[in-house]
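Okay, so here's the structure we're looking at.
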Amino acid sequence: MSSEDVTFRSGDGTLAGTFLPVPDPVATALLITGSGPADRNSDAKVLGRSLRTGVTRAVAEALAGARVSSLRYDKRGVGASEGDALRAGMADRRADARAARAWLAGREPGRPVLAIGHSEGAWYAAELAADGLADGAVLLAGGARPGGQVLSWQVDQIVARLPALARLLIRITRQDPVATQRRRLARITSSPSDVVRVQGIRMNARWMRDFVAYDPAPVLARIAVPVLAITGGQDIQVPPADVQEAGRLVQGPFEGHVTGNLSHLFRPDPASRGLRDYRRSVRQPVSPELLTLITGWVARTWGGS
């Protein structure tokens with residue numbers, strides 16, 4: 001199946017993406033990546049090092065086998081898309097997702113539109129579904145609690161998984177990594193600037209303020225279309241328990257899964273090593289379990305093969 005490089009406008013800039021068409025599609029899907037400098041495939045370059053997670057690319061290719069065409073795109077300021085990634089807030093990301101949805105609906109008129117988001121992208125997928133702009137939504141590692149609570153939960157999980165030597169050094173030096181993280185977060189969120197420096201690294205303070213204040217619960221409670229929610233059982237970035245909470249909130253048909261030993265990147269993490277294992281784990285493909293759950297839901301709900 002051959003894909004197409006496409007562009008579309010969002011605000012004053014042009015975003016670039018990949019459209020993967022299929023013959024006689026039963027639906028078409030918009031794929032929305034998570035936080036950070038992620039491109040259309042969910043690959044990112046952080047502090048000069050690449051992390052090729054390939055989550056959205058793997059989902060797009062699996063959907064093609066279920067007769068679902070798809071669009072995935074580079075975030076603004078990333079890859080081939082125009083814009084300033086360091087100054088983009090959640091309102092910008094929301095606008096970009098809506099522009100991508102409009103392009104997709106114009107390319108495949110009359111087809112059901114599915115909104116599929118990973119991590120932060122799941123919040124925008126949920127918004128499209130709640131606002132009547134998607135006929136179904138797939139929430140991959142999507143939180144159901146406010147962003148500030150998600151960040152606090154993340155810090156607790158990361159600290160708990162530090163190597164024994166690191167924990168010993170923390171005790172010896174009487175450091176408190178949780179308190180340190182809270183001070184840094186308070187400095188970022190209290191700044192009126194779009195960008196601040198933390199330990200010499202430029203941070204997107206505008207996005208962080210948006211994320212901390214955002215509560216997805218009211219959005220989830222407005223969704224009346226079919227929803228599939230999947231989070232890895234070893235996810236340390238989004239609480240797996242939020243799948244159950246999303247099911248309680250969503251008003252439409254809901255299917256939720258917490259997938260065993262999978263991480264936030266949907267790779268096996270049986271030892272629960274968390275972030276320390278990401279670079280090793282992405283050498284493996286995205287879990288077939290995840291892709292089977294998505295394509296199976298599509299087949300049951302939309303009549304795909």
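Labels for the structure tokens follow display order: chains A, B, ..., residues from 1 in each chain, ligands from 1.
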Query raised in the report: Which residues, written as a list of chain:residue names, have at least one atom at most 12 Å from Val78 in chain A, with only C-alpha atoms counted and residues fewer than 3 positions away on the same chain left out?
Result: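 Final neighbour list, sorted by chain and number: A:Thr14, A:Leu15, A:Ala16, A:Gly17, A:Thr33, A:Ser35, A:Gly36, A:Pro37, A:Ala38, A:Asp39, A:Arg40, A:Asn41, A:Ser42, A:Asp43, A:Ala44, A:Lys45, A:Val46, A:Tyr73, A:Asp74, A:Lys75, A:Ser81, A:Glu82, A:Gly83, A:Asp84, A:Ala85, A:Leu86, A:Ala88.
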Dump N, CA and C atoms for the selected residues as a PDB file, in the first residue's frame?
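Once everything was written out, this is again18.pdb:
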```pdb
ATOM      1  N   THR A  14       1.620  25.855   7.759  1.00  0.00           N
ATOM      2  CA  THR A  14       1.338  24.643   6.998  1.00  0.00           C
ATOM      3  C   THR A  14       1.881  23.440   7.758  1.00  0.00           C
ATOM      4  N   LEU A  15       1.045  22.435   7.921  1.00  0.00           N
ATOM      5  CA  LEU A  15       1.450  21.191   8.566  1.00  0.00           C
ATOM      6  C   LEU A  15       1.598  20.110   7.510  1.00  0.00           C
ATOM      7  N   ALA A  16       2.525  19.190   7.765  1.00  0.00           N
ATOM      8  CA  ALA A  16       2.815  18.118   6.813  1.00  0.00           C
ATOM      9  C   ALA A  16       2.481  16.774   7.438  1.00  0.00           C
ATOM     10  N   GLY A  17       2.010  15.864   6.600  1.00  0.00           N
ATOM     11  CA  GLY A  17       1.646  14.557   7.118  1.00  0.00           C
ATOM     12  C   GLY A  17       1.709  13.468   6.077  1.00  0.00           C
ATOM     13  N   THR A  33      -0.452  12.384  17.769  1.00  0.00           N
ATOM     14  CA  THR A  33       0.659  11.936  18.602  1.00  0.00           C
ATOM     15  C   THR A  33       0.588  12.547  20.004  1.00  0.00           C
ATOM     16  N   SER A  35       2.737  14.044  23.683  1.00  0.00           N
ATOM     17  CA  SER A  35       3.458  15.269  24.015  1.00  0.00           C
ATOM     18  C   SER A  35       4.920  15.197  23.578  1.00  0.00           C
ATOM     19  N   GLY A  36       5.591  16.353  23.637  1.00  0.00           N
ATOM     20  CA  GLY A  36       6.988  16.406  23.235  1.00  0.00           C
ATOM     21  C   GLY A  36       7.132  16.612  21.738  1.00  0.00           C
ATOM     22  N   PRO A  37       8.374  16.656  21.246  1.00  0.00           N
ATOM     23  CA  PRO A  37       8.632  16.950  19.833  1.00  0.00           C
ATOM     24  C   PRO A  37       8.425  15.740  18.926  1.00  0.00           C
ATOM     25  N   ALA A  38       7.206  15.196  18.921  1.00  0.00           N
ATOM     26  CA  ALA A  38       6.916  13.982  18.155  1.00  0.00           C
ATOM     27  C   ALA A  38       6.515  14.308  16.723  1.00  0.00           C
ATOM     28  N   ASP A  39       7.015  13.499  15.792  1.00  0.00           N
ATOM     29  CA  ASP A  39       6.615  13.670  14.403  1.00  0.00           C
ATOM     30  C   ASP A  39       5.420  12.771  14.095  1.00  0.00           C
ATOM     31  N   ARG A  40       5.076  12.674  12.830  1.00  0.00           N
ATOM     32  CA  ARG A  40       3.877  11.931  12.414  1.00  0.00           C
ATOM     33  C   ARG A  40       3.910  10.459  12.820  1.00  0.00           C
ATOM     34  N   ASN A  41       5.112   9.894  12.990  1.00  0.00           N
ATOM     35  CA  ASN A  41       5.252   8.479  13.336  1.00  0.00           C
ATOM     36  C   ASN A  41       5.394   8.237  14.836  1.00  0.00           C
ATOM     37  N   SER A  42       5.323   9.319  15.618  1.00  0.00           N
ATOM     38  CA  SER A  42       5.566   9.281  17.075  1.00  0.00           C
ATOM     39  C   SER A  42       7.041   9.143  17.397  1.00  0.00           C
ATOM     40  N   ASP A  43       7.913   9.462  16.441  1.00  0.00           N
ATOM     41  CA  ASP A  43       9.353   9.491  16.694  1.00  0.00           C
ATOM     42  C   ASP A  43       9.728  10.896  17.163  1.00  0.00           C
ATOM     43  N   ALA A  44      10.741  10.972  18.030  1.00  0.00           N
ATOM     44  CA  ALA A  44      11.123  12.274  18.586  1.00  0.00           C
ATOM     45  C   ALA A  44      12.623  12.354  18.756  1.00  0.00           C
ATOM     46  N   LYS A  45      13.118  13.575  18.802  1.00  0.00           N
ATOM     47  CA  LYS A  45      14.520  13.828  19.129  1.00  0.00           C
ATOM     48  C   LYS A  45      14.546  14.667  20.400  1.00  0.00           C
ATOM     49  N   VAL A  46      15.073  14.082  21.475  1.00  0.00           N
ATOM     50  CA  VAL A  46      15.102  14.726  22.786  1.00  0.00           C
ATOM     51  C   VAL A  46      16.556  14.923  23.205  1.00  0.00           C
ATOM     52  N   TYR A  73       0.275  13.265  11.159  1.00  0.00           N
ATOM     53  CA  TYR A  73       0.968  14.502  10.767  1.00  0.00           C
ATOM     54  C   TYR A  73       2.015  14.891  11.793  1.00  0.00           C
ATOM     55  N   ASP A  74       3.017  15.643  11.315  1.00  0.00           N
ATOM     56  CA  ASP A  74       4.037  16.198  12.202  1.00  0.00           C
ATOM     57  C   ASP A  74       3.430  17.339  13.016  1.00  0.00           C
ATOM     58  N   LYS A  75       3.725  17.381  14.306  1.00  0.00           N
ATOM     59  CA  LYS A  75       3.279  18.500  15.123  1.00  0.00           C
ATOM     60  C   LYS A  75       3.905  19.798  14.609  1.00  0.00           C
ATOM     61  N   SER A  81       6.633  20.200   9.362  1.00  0.00           N
ATOM     62  CA  SER A  81       5.579  21.166   9.670  1.00  0.00           C
ATOM     63  C   SER A  81       6.163  22.505  10.114  1.00  0.00           C
ATOM     64  N   GLU A  82       5.507  23.578   9.709  1.00  0.00           N
ATOM     65  CA  GLU A  82       5.925  24.909  10.106  1.00  0.00           C
ATOM     66  C   GLU A  82       5.493  25.210  11.539  1.00  0.00           C
ATOM     67  N   GLY A  83       6.081  26.255  12.118  1.00  0.00           N
ATOM     68  CA  GLY A  83       5.676  26.704  13.441  1.00  0.00           C
ATOM     69  C   GLY A  83       6.792  26.604  14.461  1.00  0.00           C
ATOM     70  N   ASP A  84       6.500  27.041  15.666  1.00  0.00           N
ATOM     71  CA  ASP A  84       7.457  27.059  16.768  1.00  0.00           C
ATOM     72  C   ASP A  84       6.991  26.075  17.830  1.00  0.00           C
ATOM     73  N   ALA A  85       7.638  24.927  17.909  1.00  0.00           N
ATOM     74  CA  ALA A  85       7.229  23.891  18.849  1.00  0.00           C
ATOM     75  C   ALA A  85       7.376  24.341  20.292  1.00  0.00           C
ATOM     76  N   LEU A  86       8.372  25.197  20.570  1.00  0.00           N
ATOM     77  CA  LEU A  86       8.626  25.611  21.955  1.00  0.00           C
ATOM     78  C   LEU A  86       7.591  26.607  22.471  1.00  0.00           C
ATOM     79  N   ALA A  88       4.218  26.469  21.340  1.00  0.00           N
ATOM     80  CA  ALA A  88       2.892  25.953  21.017  1.00  0.00           C
ATOM     81  C   ALA A  88       2.206  25.445  22.289  1.00  0.00           C
TER      82      ALA A  88
END
```
Report task. Within 8 Å of Ala137 in chain A, counting only C-alpha atoms, which residues show up once you throw out same-chain ones fewer than 6 positions away? Write them as an MDAnalysis selection string, please. Result -> chainID A and resid 114:116 125:126 129 225:228
Query raised in the report: Out of range 15-166 of chain A, which residues get strand (DSSP E) from DSSP, as a ChimeraX atom specification?
Result: /A:15-20,27-32,43-46,49-52,68-73,113-118,136-140
Requested in this report: May I ask which of the residues A:Val250, A:Ile32, A:Ile236, A:Leu275 is the closest one to Gln157 in chain A, counting only C-alpha atoms?
Outcome: A:Ile236
Query - Non-local contacts of His264 in chain A (10 Å; only C-alpha atoms; under 2 positions in same chain excluded) as an NGL selection string - result: :A and (118-119 or 140-142 or 231-240 or 262 or 266-269 or 274-275 or 278)
Requested in this report: Using only C-alpha atoms, determine which residues lie at most 12 Å from Thr292 in chain A, disregarding the query and same-chain residues fewer than 4 positions distant; provide the list as a list of chain:residue names.
Outcome: A:Ala58, A:Val59, A:Glu61, A:Ala62, A:Leu63, A:Gly65, A:Ala66, A:Ile230, A:His257, A:Thr259, A:Val286, A:Ser287, A:Pro288, A:Gly296, A:Trp297, A:Val298, A:Ala299, A:Arg300, A:Ser305
Could you dump the residues just selected with N, CA and C atoms as a PDB file, in the first residue's frame?
```pdb
ATOM      1  N   ALA A  58       2.740   2.422  13.283  1.00  0.00           N
ATOM      2  CA  ALA A  58       2.306   1.025  13.413  1.00  0.00           C
ATOM      3  C   ALA A  58       0.786   0.921  13.414  1.00  0.00           C
ATOM      4  N   VAL A  59       0.124   1.861  14.095  1.00  0.00           N
ATOM      5  CA  VAL A  59      -1.336   1.837  14.124  1.00  0.00           C
ATOM      6  C   VAL A  59      -1.900   2.099  12.734  1.00  0.00           C
ATOM      7  N   GLU A  61      -0.564   1.456   9.820  1.00  0.00           N
ATOM      8  CA  GLU A  61      -0.358   0.292   8.956  1.00  0.00           C
ATOM      9  C   GLU A  61      -1.292  -0.846   9.337  1.00  0.00           C
ATOM     10  N   ALA A  62      -1.564  -1.011  10.638  1.00  0.00           N
ATOM     11  CA  ALA A  62      -2.513  -2.039  11.053  1.00  0.00           C
ATOM     12  C   ALA A  62      -3.929  -1.694  10.599  1.00  0.00           C
ATOM     13  N   LEU A  63      -4.288  -0.412  10.682  1.00  0.00           N
ATOM     14  CA  LEU A  63      -5.616   0.006  10.251  1.00  0.00           C
ATOM     15  C   LEU A  63      -5.839  -0.242   8.762  1.00  0.00           C
ATOM     16  N   GLY A  65      -4.942  -2.710   7.115  1.00  0.00           N
ATOM     17  CA  GLY A  65      -5.394  -4.086   6.981  1.00  0.00           C
ATOM     18  C   GLY A  65      -6.835  -4.290   7.394  1.00  0.00           C
ATOM     19  N   ALA A  66      -7.387  -3.326   8.139  1.00  0.00           N
ATOM     20  CA  ALA A  66      -8.787  -3.381   8.549  1.00  0.00           C
ATOM     21  C   ALA A  66      -9.658  -2.476   7.680  1.00  0.00           C
ATOM     22  N   ILE A 230      -7.164   2.021  25.710  1.00  0.00           N
ATOM     23  CA  ILE A 230      -6.143   1.014  25.998  1.00  0.00           C
ATOM     24  C   ILE A 230      -4.967   1.700  26.675  1.00  0.00           C
ATOM     25  N   HIS A 257      -9.266  -1.614  27.986  1.00  0.00           N
ATOM     26  CA  HIS A 257      -8.286  -2.675  28.226  1.00  0.00           C
ATOM     27  C   HIS A 257      -7.062  -2.101  28.926  1.00  0.00           C
ATOM     28  N   THR A 259      -3.428  -3.465  29.282  1.00  0.00           N
ATOM     29  CA  THR A 259      -2.704  -4.542  28.605  1.00  0.00           C
ATOM     30  C   THR A 259      -1.461  -4.969  29.380  1.00  0.00           C
ATOM     31  N   VAL A 286       6.035  -2.352  17.948  1.00  0.00           N
ATOM     32  CA  VAL A 286       4.857  -2.082  18.767  1.00  0.00           C
ATOM     33  C   VAL A 286       4.106  -3.388  18.992  1.00  0.00           C
ATOM     34  N   SER A 287       3.589  -3.574  20.185  1.00  0.00           N
ATOM     35  CA  SER A 287       2.958  -4.831  20.563  1.00  0.00           C
ATOM     36  C   SER A 287       1.845  -5.245  19.607  1.00  0.00           C
ATOM     37  N   PRO A 288       1.894  -6.474  19.084  1.00  0.00           N
ATOM     38  CA  PRO A 288       0.782  -6.968  18.266  1.00  0.00           C
ATOM     39  C   PRO A 288      -0.536  -6.992  19.031  1.00  0.00           C
ATOM     40  N   GLY A 296      -9.569  -5.265  15.867  1.00  0.00           N
ATOM     41  CA  GLY A 296     -10.740  -6.049  16.246  1.00  0.00           C
ATOM     42  C   GLY A 296     -11.921  -5.165  16.590  1.00  0.00           C
ATOM     43  N   TRP A 297     -11.646  -4.069  17.304  1.00  0.00           N
ATOM     44  CA  TRP A 297     -12.710  -3.117  17.640  1.00  0.00           C
ATOM     45  C   TRP A 297     -13.269  -2.478  16.371  1.00  0.00           C
ATOM     46  N   VAL A 298     -12.406  -2.127  15.448  1.00  0.00           N
ATOM     47  CA  VAL A 298     -12.864  -1.561  14.183  1.00  0.00           C
ATOM     48  C   VAL A 298     -13.774  -2.549  13.455  1.00  0.00           C
ATOM     49  N   ALA A 299     -13.365  -3.810  13.406  1.00  0.00           N
ATOM     50  CA  ALA A 299     -14.151  -4.821  12.695  1.00  0.00           C
ATOM     51  C   ALA A 299     -15.514  -5.007  13.341  1.00  0.00           C
ATOM     52  N   ARG A 300     -15.558  -5.029  14.673  1.00  0.00           N
ATOM     53  CA  ARG A 300     -16.840  -5.211  15.354  1.00  0.00           C
ATOM     54  C   ARG A 300     -17.729  -3.984  15.250  1.00  0.00           C
ATOM     55  N   SER A 305     -12.497  -5.731   7.911  1.00  0.00           N
ATOM     56  CA  SER A 305     -12.157  -7.149   7.782  1.00  0.00           C
ATOM     57  C   SER A 305     -11.305  -7.584   8.937  1.00  0.00           C
TER      58      SER A 305
END
```
Query raised in the report: For Trp302 in chain A, which of A:Arg111, A:Arg222, A:Arg187, A:Arg52 is the closest residue, counting only C-alpha atoms?
Result: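 Smallest separation from Trp302 in chain A among the options: A:Arg111.
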